[in-house]
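Dumped start_5.pdb below, it's PDB, C-alpha atoms and all ligand atoms:
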MODEL        1
ATOM      1  CA  MET A1463       0.607  10.337 -16.087  1.00  0.00           C
ATOM      2  CA  PRO A1464       1.061   8.738 -12.655  1.00  0.00           C
ATOM      3  CA  LEU A1465       1.998   5.063 -12.513  1.00  0.00           C
ATOM      4  CA  PHE A1466      -0.755   4.096 -10.076  1.00  0.00           C
ATOM      5  CA  VAL A1467      -4.214   5.612 -10.358  1.00  0.00           C
ATOM      6  CA  TRP A1468      -7.059   4.977  -7.910  1.00  0.00           C
ATOM      7  CA  LYS A1469     -10.407   4.307  -9.591  1.00  0.00           C
ATOM      8  CA  LYS A1470     -13.950   4.220  -8.257  1.00  0.00           C
ATOM      9  CA  ASP A1471     -14.008   0.474  -8.919  1.00  0.00           C
ATOM     10  CA  TYR A1472     -11.357   0.075  -6.224  1.00  0.00           C
ATOM     11  CA  SER A1473     -13.691   1.336  -3.515  1.00  0.00           C
ATOM     12  CA  VAL A1474     -14.056  -0.877  -0.431  1.00  0.00           C
ATOM     13  CA  GLY A1475     -17.214   0.998   0.558  1.00  0.00           C
ATOM     14  CA  VAL A1476     -15.602   2.799   3.495  1.00  0.00           C
ATOM     15  CA  ASP A1477     -14.629   6.415   2.712  1.00  0.00           C
ATOM     16  CA  LEU A1478     -11.815   6.546   5.258  1.00  0.00           C
ATOM     17  CA  LEU A1479     -10.145   3.396   3.896  1.00  0.00           C
ATOM     18  CA  ASP A1480     -10.608   4.576   0.300  1.00  0.00           C
ATOM     19  CA  ASP A1481      -8.840   7.828   1.239  1.00  0.00           C
ATOM     20  CA  HIS A1482      -5.993   5.814   2.748  1.00  0.00           C
ATOM     21  CA  HIS A1483      -5.632   3.797  -0.462  1.00  0.00           C
ATOM     22  CA  LYS A1484      -5.610   6.976  -2.567  1.00  0.00           C
ATOM     23  CA  ASN A1485      -2.883   8.386  -0.374  1.00  0.00           C
ATOM     24  CA  LEU A1486      -0.814   5.193  -0.596  1.00  0.00           C
ATOM     25  CA  PHE A1487      -0.970   5.350  -4.392  1.00  0.00           C
ATOM     26  CA  ARG A1488       0.036   9.013  -4.251  1.00  0.00           C
ATOM     27  CA  ILE A1489       3.110   8.254  -2.128  1.00  0.00           C
ATOM     28  CA  LEU A1490       4.122   5.397  -4.448  1.00  0.00           C
ATOM     29  CA  ASN A1491       3.838   7.720  -7.455  1.00  0.00           C
ATOM     30  CA  VAL A1492       5.987  10.376  -5.792  1.00  0.00           C
ATOM     31  CA  LEU A1493       8.499   7.677  -4.920  1.00  0.00           C
ATOM     32  CA  TYR A1494       8.622   6.330  -8.451  1.00  0.00           C
ATOM     33  CA  GLU A1495       8.950   9.788 -10.006  1.00  0.00           C
ATOM     34  CA  ASN A1496      11.851  10.544  -7.682  1.00  0.00           C
ATOM     35  CA  THR A1497      13.737   7.385  -8.598  1.00  0.00           C
ATOM     36  CA  MET A1498      13.480   8.385 -12.253  1.00  0.00           C
ATOM     37  CA  GLN A1499      15.697  11.406 -11.518  1.00  0.00           C
ATOM     38  CA  PRO A1500      19.114  10.380 -10.208  1.00  0.00           C
ATOM     39  CA  ARG A1501      19.768  13.973  -9.099  1.00  0.00           C
ATOM     40  CA  VAL A1502      17.337  13.645  -6.243  1.00  0.00           C
ATOM     41  CA  VAL A1503      18.553  10.324  -4.850  1.00  0.00           C
ATOM     42  CA  ASP A1504      18.811  11.771  -1.327  1.00  0.00           C
ATOM     43  CA  GLU A1505      15.160  12.718  -1.402  1.00  0.00           C
ATOM     44  CA  VAL A1506      14.037   9.140  -1.930  1.00  0.00           C
ATOM     45  CA  LEU A1507      14.798   7.773   1.529  1.00  0.00           C
ATOM     46  CA  PRO A1508      12.361  10.070   3.401  1.00  0.00           C
ATOM     47  CA  ILE A1509       9.614   9.105   0.923  1.00  0.00           C
ATOM     48  CA  ILE A1510      10.281   5.410   1.541  1.00  0.00           C
ATOM     49  CA  ALA A1511      10.035   6.190   5.268  1.00  0.00           C
ATOM     50  CA  GLU A1512       6.737   8.006   4.631  1.00  0.00           C
ATOM     51  CA  LEU A1513       5.415   5.000   2.696  1.00  0.00           C
ATOM     52  CA  ARG A1514       6.405   2.714   5.551  1.00  0.00           C
ATOM     53  CA  GLU A1515       4.794   4.909   8.199  1.00  0.00           C
ATOM     54  CA  TYR A1516       1.632   5.511   6.218  1.00  0.00           C
ATOM     55  CA  THR A1517       1.299   1.816   5.357  1.00  0.00           C
ATOM     56  CA  ARG A1518       1.613   0.933   9.037  1.00  0.00           C
ATOM     57  CA  TYR A1519      -1.024   3.542   9.892  1.00  0.00           C
ATOM     58  CA  HIS A1520      -3.395   2.316   7.186  1.00  0.00           C
ATOM     59  CA  PHE A1521      -3.004  -1.387   8.003  1.00  0.00           C
ATOM     60  CA  ALA A1522      -3.657  -0.716  11.692  1.00  0.00           C
ATOM     61  CA  ALA A1523      -6.805   1.290  10.880  1.00  0.00           C
ATOM     62  CA  GLU A1524      -8.033  -1.305   8.390  1.00  0.00           C
ATOM     63  CA  GLU A1525      -7.398  -4.243  10.722  1.00  0.00           C
ATOM     64  CA  LEU A1526      -9.187  -2.438  13.553  1.00  0.00           C
ATOM     65  CA  HIS A1527     -12.135  -1.736  11.293  1.00  0.00           C
ATOM     66  CA  MET A1528     -12.319  -5.359  10.122  1.00  0.00           C
ATOM     67  CA  GLN A1529     -12.022  -6.597  13.691  1.00  0.00           C
ATOM     68  CA  ASP A1530     -14.820  -4.243  14.773  1.00  0.00           C
ATOM     69  CA  LYS A1531     -17.084  -5.604  12.058  1.00  0.00           C
ATOM     70  CA  GLY A1532     -16.130  -9.236  12.758  1.00  0.00           C
ATOM     71  CA  PHE A1533     -14.662  -9.934   9.314  1.00  0.00           C
ATOM     72  CA  PRO A1534     -14.083 -13.729   9.359  1.00  0.00           C
ATOM     73  CA  GLU A1535     -10.933 -13.715   7.164  1.00  0.00           C
ATOM     74  CA  ILE A1536      -9.064 -11.140   9.238  1.00  0.00           C
ATOM     75  CA  THR A1537      -6.218 -13.455  10.363  1.00  0.00           C
ATOM     76  CA  ASP A1538      -5.280 -14.257   6.780  1.00  0.00           C
ATOM     77  CA  HIS A1539      -5.553 -10.568   5.902  1.00  0.00           C
ATOM     78  CA  ILE A1540      -3.221  -9.532   8.721  1.00  0.00           C
ATOM     79  CA  VAL A1541      -0.583 -12.029   7.501  1.00  0.00           C
ATOM     80  CA  LYS A1542      -0.715 -10.400   4.045  1.00  0.00           C
ATOM     81  CA  HIS A1543      -0.253  -6.960   5.603  1.00  0.00           C
ATOM     82  CA  ARG A1544       2.764  -8.207   7.569  1.00  0.00           C
ATOM     83  CA  ASN A1545       4.370  -9.620   4.419  1.00  0.00           C
ATOM     84  CA  PHE A1546       3.987  -6.293   2.680  1.00  0.00           C
ATOM     85  CA  THR A1547       5.499  -4.435   5.633  1.00  0.00           C
ATOM     86  CA  HIS A1548       8.554  -6.704   5.383  1.00  0.00           C
ATOM     87  CA  GLN A1549       8.893  -5.886   1.692  1.00  0.00           C
ATOM     88  CA  ILE A1550       8.942  -2.164   2.448  1.00  0.00           C
ATOM     89  CA  GLU A1551      11.658  -2.762   5.023  1.00  0.00           C
ATOM     90  CA  GLU A1552      13.588  -4.559   2.301  1.00  0.00           C
ATOM     91  CA  LEU A1553      13.127  -1.552   0.027  1.00  0.00           C
ATOM     92  CA  GLN A1554      14.495   0.667   2.769  1.00  0.00           C
ATOM     93  CA  SER A1555      17.644  -1.396   3.281  1.00  0.00           C
ATOM     94  CA  GLN A1556      18.179  -1.908  -0.427  1.00  0.00           C
ATOM     95  CA  HIS A1557      17.975   1.787  -1.090  1.00  0.00           C
ATOM     96  CA  ARG A1558      20.646   2.390   1.512  1.00  0.00           C
ATOM     97  CA  ASN A1559      22.924   0.456  -0.813  1.00  0.00           C
ATOM     98  CA  ASP A1560      22.279   3.219  -3.353  1.00  0.00           C
ATOM     99  CA  ASP A1561      21.069   0.840  -6.020  1.00  0.00           C
ATOM    100  CA  LEU A1562      18.495   3.027  -7.689  1.00  0.00           C
ATOM    101  CA  GLU A1563      17.659   0.545 -10.428  1.00  0.00           C
ATOM    102  CA  ASP A1564      16.778  -2.129  -7.879  1.00  0.00           C
ATOM    103  CA  THR A1565      14.858   0.432  -5.834  1.00  0.00           C
ATOM    104  CA  ARG A1566      12.810   1.373  -8.890  1.00  0.00           C
ATOM    105  CA  LYS A1567      12.028  -2.267  -9.673  1.00  0.00           C
ATOM    106  CA  LEU A1568      10.971  -2.907  -6.103  1.00  0.00           C
ATOM    107  CA  ILE A1569       8.668   0.135  -6.130  1.00  0.00           C
ATOM    108  CA  VAL A1570       6.873  -1.286  -9.166  1.00  0.00           C
ATOM    109  CA  VAL A1571       6.577  -4.665  -7.404  1.00  0.00           C
ATOM    110  CA  LEU A1572       5.214  -2.976  -4.263  1.00  0.00           C
ATOM    111  CA  GLY A1573       2.802  -0.818  -6.257  1.00  0.00           C
ATOM    112  CA  ASN A1574       1.459  -3.827  -8.109  1.00  0.00           C
ATOM    113  CA  TRP A1575       1.172  -5.745  -4.861  1.00  0.00           C
ATOM    114  CA  LEU A1576      -0.811  -2.881  -3.352  1.00  0.00           C
ATOM    115  CA  LEU A1577      -3.050  -2.559  -6.381  1.00  0.00           C
ATOM    116  CA  ASN A1578      -3.740  -6.293  -6.304  1.00  0.00           C
ATOM    117  CA  HIS A1579      -4.246  -6.242  -2.538  1.00  0.00           C
ATOM    118  CA  VAL A1580      -6.826  -3.439  -2.731  1.00  0.00           C
ATOM    119  CA  LEU A1581      -8.593  -5.028  -5.700  1.00  0.00           C
ATOM    120  CA  VAL A1582      -8.633  -8.637  -4.487  1.00  0.00           C
ATOM    121  CA  GLU A1583      -8.028  -8.834  -0.727  1.00  0.00           C
ATOM    122  CA  ASP A1584      -9.614  -5.592   0.505  1.00  0.00           C
ATOM    123  CA  ARG A1585     -12.416  -6.266  -1.965  1.00  0.00           C
ATOM    124  CA  LYS A1586     -13.180  -9.534  -0.132  1.00  0.00           C
ATOM    125  CA  TYR A1587     -13.992  -7.431   2.901  1.00  0.00           C
ATOM    126  CA  SER A1588     -16.005  -5.030   0.772  1.00  0.00           C
ATOM    127  CA  GLU A1589     -18.061  -7.868  -0.756  1.00  0.00           C
ATOM    128  CA  TRP A1590     -18.536  -9.481   2.646  1.00  0.00           C
ATOM    129  CA  HIS A1591     -19.886  -6.372   4.369  1.00  0.00           C
ATOM    130  CA  LYS A1592     -22.169  -5.652   1.427  1.00  0.00           C
ATOM    131  CA  GLY A1593     -23.831  -8.994   2.050  1.00  0.00           C
ATOM    132  CA  ASP A1594     -24.734 -10.314   5.469  1.00  0.00           C
ATOM    133  CA  GLY A1595     -21.591  -9.045   7.189  1.00  0.00           C
ATOM    134  CA  ILE A1596     -23.136  -6.080   8.961  1.00  0.00           C
TER
HETATM  135 FE    FE B1601      -6.161  -1.542   2.496  1.00  0.00          FE
HETATM  136 FE    FE B1602      -5.735  -4.752   3.448  1.00  0.00          FE
ENDMDL
END

Mind turning the file's structure into structure tokens?
Amino acid sequence: MPLFVWKKDYSVGVDLLDDHHKNLFRILNVLYENTMQPRVVDEVLPIIAELREYTRYHFAAEELHMQDKGFPEITDHIVKHRNFTHQIEELQSQHRNDDLEDTRKLIVVLGNWLLNHVLVEDRKYSEWHKGDGI
């Protein structure tokens, strides 16, 4: 059973962004599973890099979309994205110290952050464009 599971309730009403979120959860699950097996420690770093790259790609696409639609809370949203990006960078440097236990804990923190972000923050956009946003 994967740690993070995307559900229909998480939809932001934009298929492309939903697909991005599904993929982010998938990467986090792969990452977590790999930290549970100390034998594959060397395989973890490229997955962290993938998470970082994919997060950057998703945030850019999402911010562009929100900007296009004139989402009024975009500035606040961008700040939240930046904070998350910094946390992934922290994960990257921490993992270089080979502390797998700390890496695992941080993955859970990041996963929960992402889950909360999709459910609460991205949902604000979803609710807004369902109303008079478009
Ligand atoms: Fe998002
Ligand atoms: Fe977002």

For ligand FE 1601 (chain B), list the contacting residues at 7 Å or closer, counting all atoms listed in the file, as a PDB file with C-alpha atoms, keeping the file's coordinate frame.
ATOM      1  CA  LEU A1479     -10.145   3.396   3.896  1.00  0.00           C
ATOM      2  CA  HIS A1483      -5.632   3.797  -0.462  1.00  0.00           C
ATOM      3  CA  HIS A1520      -3.395   2.316   7.186  1.00  0.00           C
ATOM      4  CA  PHE A1521      -3.004  -1.387   8.003  1.00  0.00           C
ATOM      5  CA  GLU A1524      -8.033  -1.305   8.390  1.00  0.00           C
ATOM      6  CA  VAL A1580      -6.826  -3.439  -2.731  1.00  0.00           C
ATOM      7  CA  ASP A1584      -9.614  -5.592   0.505  1.00  0.00           C
TER       8      ASP A1584
END

Can you check which parts of chain A lie within 10 Å of ligand FE 1602 (chain B)? Per residue, the shortest pair of atoms and distance in Å to one decimal, counting all atoms listed in the file, sorted by chain and number, as JSON lines.
{"residue": "A:Val1474", "atom": "CA", "partner": "B:FE1602", "partner_atom": "FE", "distance": 10.0}
{"residue": "A:Leu1479", "atom": "CA", "partner": "B:FE1602", "partner_atom": "FE", "distance": 9.3}
{"residue": "A:His1483", "atom": "CA", "partner": "B:FE1602", "partner_atom": "FE", "distance": 9.4}
{"residue": "A:Thr1517", "atom": "CA", "partner": "B:FE1602", "partner_atom": "FE", "distance": 9.8}
{"residue": "A:His1520", "atom": "CA", "partner": "B:FE1602", "partner_atom": "FE", "distance": 8.3}
{"residue": "A:Phe1521", "atom": "CA", "partner": "B:FE1602", "partner_atom": "FE", "distance": 6.3}
{"residue": "A:Ala1522", "atom": "CA", "partner": "B:FE1602", "partner_atom": "FE", "distance": 9.4}
{"residue": "A:Ala1523", "atom": "CA", "partner": "B:FE1602", "partner_atom": "FE", "distance": 9.6}
{"residue": "A:Glu1524", "atom": "CA", "partner": "B:FE1602", "partner_atom": "FE", "distance": 6.4}
{"residue": "A:Glu1525", "atom": "CA", "partner": "B:FE1602", "partner_atom": "FE", "distance": 7.5}
{"residue": "A:Met1528", "atom": "CA", "partner": "B:FE1602", "partner_atom": "FE", "distance": 9.4}
{"residue": "A:Ile1536", "atom": "CA", "partner": "B:FE1602", "partner_atom": "FE", "distance": 9.2}
{"residue": "A:His1539", "atom": "CA", "partner": "B:FE1602", "partner_atom": "FE", "distance": 6.3}
{"residue": "A:Ile1540", "atom": "CA", "partner": "B:FE1602", "partner_atom": "FE", "distance": 7.5}
{"residue": "A:Val1541", "atom": "CA", "partner": "B:FE1602", "partner_atom": "FE", "distance": 9.8}
{"residue": "A:Lys1542", "atom": "CA", "partner": "B:FE1602", "partner_atom": "FE", "distance": 7.6}
{"residue": "A:His1543", "atom": "CA", "partner": "B:FE1602", "partner_atom": "FE", "distance": 6.3}
{"residue": "A:Phe1546", "atom": "CA", "partner": "B:FE1602", "partner_atom": "FE", "distance": 9.9}
{"residue": "A:Leu1576", "atom": "CA", "partner": "B:FE1602", "partner_atom": "FE", "distance": 8.6}
{"residue": "A:His1579", "atom": "CA", "partner": "B:FE1602", "partner_atom": "FE", "distance": 6.3}
{"residue": "A:Val1580", "atom": "CA", "partner": "B:FE1602", "partner_atom": "FE", "distance": 6.4}
{"residue": "A:Leu1581", "atom": "CA", "partner": "B:FE1602", "partner_atom": "FE", "distance": 9.6}
{"residue": "A:Val1582", "atom": "CA", "partner": "B:FE1602", "partner_atom": "FE", "distance": 9.3}
{"residue": "A:Glu1583", "atom": "CA", "partner": "B:FE1602", "partner_atom": "FE", "distance": 6.3}
{"residue": "A:Asp1584", "atom": "CA", "partner": "B:FE1602", "partner_atom": "FE", "distance": 4.9}
{"residue": "A:Arg1585", "atom": "CA", "partner": "B:FE1602", "partner_atom": "FE", "distance": 8.7}
{"residue": "A:Lys1586", "atom": "CA", "partner": "B:FE1602", "partner_atom": "FE", "distance": 9.5}
{"residue": "A:Tyr1587", "atom": "CA", "partner": "B:FE1602", "partner_atom": "FE", "distance": 8.7}

### Query
Hey, what comes out of the PyMOL selection byres (((chain A and resi 1509) around 12) and not hetatm) on this file? Could you write it as a ChimeraX atom specification?
/A:1486,1488-1497,1502-1508,1510-1517,1550,1553-1554,1557,1569

### Task
Would you mind reading off the distance between CA of Gly1573 in chain A and CA of Asp1480 in chain A, one decimal, in Å?
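Spanning CA of Gly1573 in chain A to CA of Asp1480 in chain A is a straight-line distance of 15.9 Å.
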
### Message
Please compute the CA of Asp1530 in chain A-CA of Thr1547 in chain A distance, one decimal, in Å.
### Response
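Here the two named atoms are 22.3 Å from each other.
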
### Message
Nearest residue to Lys1531 in chain A out of A:Leu1577, A:Arg1518, A:Tyr1472, A:Lys1592, using all atoms listed in the file?
### Response
A:Lys1592

### Task
One decimal, Å: what's the distance from CA of His1591 in chain A over to CA of Asp1481 in chain A, could you say?
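Going from CA of His1591 in chain A over to CA of Asp1481 in chain A, I get 18.3 Å.
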
### Query
Of the candidates A:Phe1487, A:Thr1537, A:Gln1549, A:His1482, which shows the shortest atom-to-atom distance to Phe1466 in chain A, using all atoms listed in the file?
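Closest to Phe1466 in chain A of all the choices is A:Phe1487.
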
Output range 1481-1492 of chain A with all heavy atoms present, as a PDB file, keeping the file's coordinate frame.
ATOM      1  N   ASP A1481      -9.766   6.692   1.178  1.00  0.00           N
ATOM      2  CA  ASP A1481      -8.840   7.828   1.239  1.00  0.00           C
ATOM      3  C   ASP A1481      -7.424   7.354   1.544  1.00  0.00           C
ATOM      4  O   ASP A1481      -6.451   7.853   0.976  1.00  0.00           O
ATOM      5  CB  ASP A1481      -9.287   8.841   2.306  1.00  0.00           C
ATOM      6  CG  ASP A1481     -10.494   9.646   1.847  1.00  0.00           C
ATOM      7  OD1 ASP A1481     -10.795   9.611   0.629  1.00  0.00           O
ATOM      8  OD2 ASP A1481     -11.131  10.310   2.691  1.00  0.00           O
ATOM      9  N   HIS A1482      -7.317   6.379   2.433  1.00  0.00           N
ATOM     10  CA  HIS A1482      -5.993   5.814   2.748  1.00  0.00           C
ATOM     11  C   HIS A1482      -5.365   5.212   1.494  1.00  0.00           C
ATOM     12  O   HIS A1482      -4.192   5.432   1.213  1.00  0.00           O
ATOM     13  CB  HIS A1482      -6.113   4.704   3.799  1.00  0.00           C
ATOM     14  CG  HIS A1482      -6.394   5.207   5.182  1.00  0.00           C
ATOM     15  ND1 HIS A1482      -6.532   4.345   6.244  1.00  0.00           N
ATOM     16  CD2 HIS A1482      -6.558   6.457   5.676  1.00  0.00           C
ATOM     17  CE1 HIS A1482      -6.763   5.061   7.341  1.00  0.00           C
ATOM     18  NE2 HIS A1482      -6.797   6.336   7.018  1.00  0.00           N
ATOM     19  N   HIS A1483      -6.161   4.444   0.751  1.00  0.00           N
ATOM     20  CA  HIS A1483      -5.632   3.797  -0.462  1.00  0.00           C
ATOM     21  C   HIS A1483      -5.183   4.843  -1.483  1.00  0.00           C
ATOM     22  O   HIS A1483      -4.141   4.704  -2.110  1.00  0.00           O
ATOM     23  CB  HIS A1483      -6.692   2.877  -1.079  1.00  0.00           C
ATOM     24  CG  HIS A1483      -6.995   1.681  -0.222  1.00  0.00           C
ATOM     25  ND1 HIS A1483      -8.220   1.053  -0.220  1.00  0.00           N
ATOM     26  CD2 HIS A1483      -6.226   1.013   0.671  1.00  0.00           C
ATOM     27  CE1 HIS A1483      -8.183   0.036   0.640  1.00  0.00           C
ATOM     28  NE2 HIS A1483      -6.986   0.001   1.199  1.00  0.00           N
ATOM     29  N   LYS A1484      -5.984   5.905  -1.627  1.00  0.00           N
ATOM     30  CA  LYS A1484      -5.610   6.976  -2.567  1.00  0.00           C
ATOM     31  C   LYS A1484      -4.265   7.571  -2.161  1.00  0.00           C
ATOM     32  O   LYS A1484      -3.402   7.842  -2.993  1.00  0.00           O
ATOM     33  CB  LYS A1484      -6.667   8.091  -2.568  1.00  0.00           C
ATOM     34  CG  LYS A1484      -7.952   7.699  -3.266  1.00  0.00           C
ATOM     35  CD  LYS A1484      -8.983   8.827  -3.130  1.00  0.00           C
ATOM     36  CE  LYS A1484     -10.377   8.312  -3.368  1.00  0.00           C
ATOM     37  NZ  LYS A1484     -11.430   9.262  -2.966  1.00  0.00           N
ATOM     38  N   ASN A1485      -4.113   7.784  -0.867  1.00  0.00           N
ATOM     39  CA  ASN A1485      -2.883   8.386  -0.374  1.00  0.00           C
ATOM     40  C   ASN A1485      -1.681   7.457  -0.561  1.00  0.00           C
ATOM     41  O   ASN A1485      -0.585   7.907  -0.898  1.00  0.00           O
ATOM     42  CB  ASN A1485      -3.055   8.756   1.101  1.00  0.00           C
ATOM     43  CG  ASN A1485      -2.197   9.942   1.479  1.00  0.00           C
ATOM     44  OD1 ASN A1485      -1.804  10.744   0.635  1.00  0.00           O
ATOM     45  ND2 ASN A1485      -1.862  10.040   2.740  1.00  0.00           N
ATOM     46  N   LEU A1486      -1.899   6.157  -0.382  1.00  0.00           N
ATOM     47  CA  LEU A1486      -0.814   5.193  -0.596  1.00  0.00           C
ATOM     48  C   LEU A1486      -0.362   5.213  -2.059  1.00  0.00           C
ATOM     49  O   LEU A1486       0.832   5.184  -2.350  1.00  0.00           O
ATOM     50  CB  LEU A1486      -1.271   3.783  -0.207  1.00  0.00           C
ATOM     51  CG  LEU A1486      -1.244   3.469   1.287  1.00  0.00           C
ATOM     52  CD1 LEU A1486      -1.965   2.155   1.568  1.00  0.00           C
ATOM     53  CD2 LEU A1486       0.184   3.399   1.809  1.00  0.00           C
ATOM     54  N   PHE A1487      -1.315   5.271  -2.969  1.00  0.00           N
ATOM     55  CA  PHE A1487      -0.970   5.350  -4.392  1.00  0.00           C
ATOM     56  C   PHE A1487      -0.200   6.645  -4.674  1.00  0.00           C
ATOM     57  O   PHE A1487       0.758   6.652  -5.434  1.00  0.00           O
ATOM     58  CB  PHE A1487      -2.226   5.297  -5.273  1.00  0.00           C
ATOM     59  CG  PHE A1487      -2.852   3.926  -5.361  1.00  0.00           C
ATOM     60  CD1 PHE A1487      -4.160   3.775  -5.791  1.00  0.00           C
ATOM     61  CD2 PHE A1487      -2.145   2.784  -5.038  1.00  0.00           C
ATOM     62  CE1 PHE A1487      -4.750   2.517  -5.890  1.00  0.00           C
ATOM     63  CE2 PHE A1487      -2.721   1.521  -5.128  1.00  0.00           C
ATOM     64  CZ  PHE A1487      -4.027   1.389  -5.549  1.00  0.00           C
ATOM     65  N   ARG A1488      -0.629   7.735  -4.049  1.00  0.00           N
ATOM     66  CA  ARG A1488       0.036   9.013  -4.251  1.00  0.00           C
ATOM     67  C   ARG A1488       1.511   8.935  -3.809  1.00  0.00           C
ATOM     68  O   ARG A1488       2.408   9.355  -4.538  1.00  0.00           O
ATOM     69  CB  ARG A1488      -0.692  10.111  -3.447  1.00  0.00           C
ATOM     70  CG  ARG A1488      -0.147  11.510  -3.667  1.00  0.00           C
ATOM     71  CD  ARG A1488      -0.673  12.499  -2.638  1.00  0.00           C
ATOM     72  NE  ARG A1488      -0.330  12.150  -1.259  1.00  0.00           N
ATOM     73  CZ  ARG A1488       0.865  12.337  -0.705  1.00  0.00           C
ATOM     74  NH1 ARG A1488       1.828  12.902  -1.397  1.00  0.00           N
ATOM     75  NH2 ARG A1488       1.089  11.989   0.543  1.00  0.00           N
ATOM     76  N   ILE A1489       1.737   8.363  -2.633  1.00  0.00           N
ATOM     77  CA  ILE A1489       3.110   8.254  -2.128  1.00  0.00           C
ATOM     78  C   ILE A1489       3.965   7.386  -3.065  1.00  0.00           C
ATOM     79  O   ILE A1489       5.098   7.723  -3.382  1.00  0.00           O
ATOM     80  CB  ILE A1489       3.139   7.677  -0.688  1.00  0.00           C
ATOM     81  CG1 ILE A1489       2.389   8.599   0.277  1.00  0.00           C
ATOM     82  CG2 ILE A1489       4.579   7.501  -0.198  1.00  0.00           C
ATOM     83  CD1 ILE A1489       2.118   7.996   1.654  1.00  0.00           C
ATOM     84  N   LEU A1490       3.375   6.275  -3.531  1.00  0.00           N
ATOM     85  CA  LEU A1490       4.122   5.397  -4.448  1.00  0.00           C
ATOM     86  C   LEU A1490       4.472   6.124  -5.748  1.00  0.00           C
ATOM     87  O   LEU A1490       5.564   5.953  -6.280  1.00  0.00           O
ATOM     88  CB  LEU A1490       3.292   4.150  -4.759  1.00  0.00           C
ATOM     89  CG  LEU A1490       3.452   3.011  -3.762  1.00  0.00           C
ATOM     90  CD1 LEU A1490       2.300   2.032  -3.885  1.00  0.00           C
ATOM     91  CD2 LEU A1490       4.775   2.269  -3.975  1.00  0.00           C
ATOM     92  N   ASN A1491       3.564   6.957  -6.239  1.00  0.00           N
ATOM     93  CA  ASN A1491       3.838   7.720  -7.455  1.00  0.00           C
ATOM     94  C   ASN A1491       4.971   8.713  -7.246  1.00  0.00           C
ATOM     95  O   ASN A1491       5.856   8.850  -8.087  1.00  0.00           O
ATOM     96  CB  ASN A1491       2.579   8.456  -7.926  1.00  0.00           C
ATOM     97  CG  ASN A1491       1.575   7.517  -8.577  1.00  0.00           C
ATOM     98  OD1 ASN A1491       1.961   6.560  -9.237  1.00  0.00           O
ATOM     99  ND2 ASN A1491       0.298   7.782  -8.382  1.00  0.00           N
ATOM    100  N   VAL A1492       4.928   9.410  -6.115  1.00  0.00           N
ATOM    101  CA  VAL A1492       5.987  10.376  -5.792  1.00  0.00           C
ATOM    102  C   VAL A1492       7.331   9.647  -5.716  1.00  0.00           C
ATOM    103  O   VAL A1492       8.347  10.100  -6.255  1.00  0.00           O
ATOM    104  CB  VAL A1492       5.692  11.114  -4.451  1.00  0.00           C
ATOM    105  CG1 VAL A1492       6.871  11.973  -4.028  1.00  0.00           C
ATOM    106  CG2 VAL A1492       4.432  11.962  -4.573  1.00  0.00           C
TER     107      VAL A1492
END
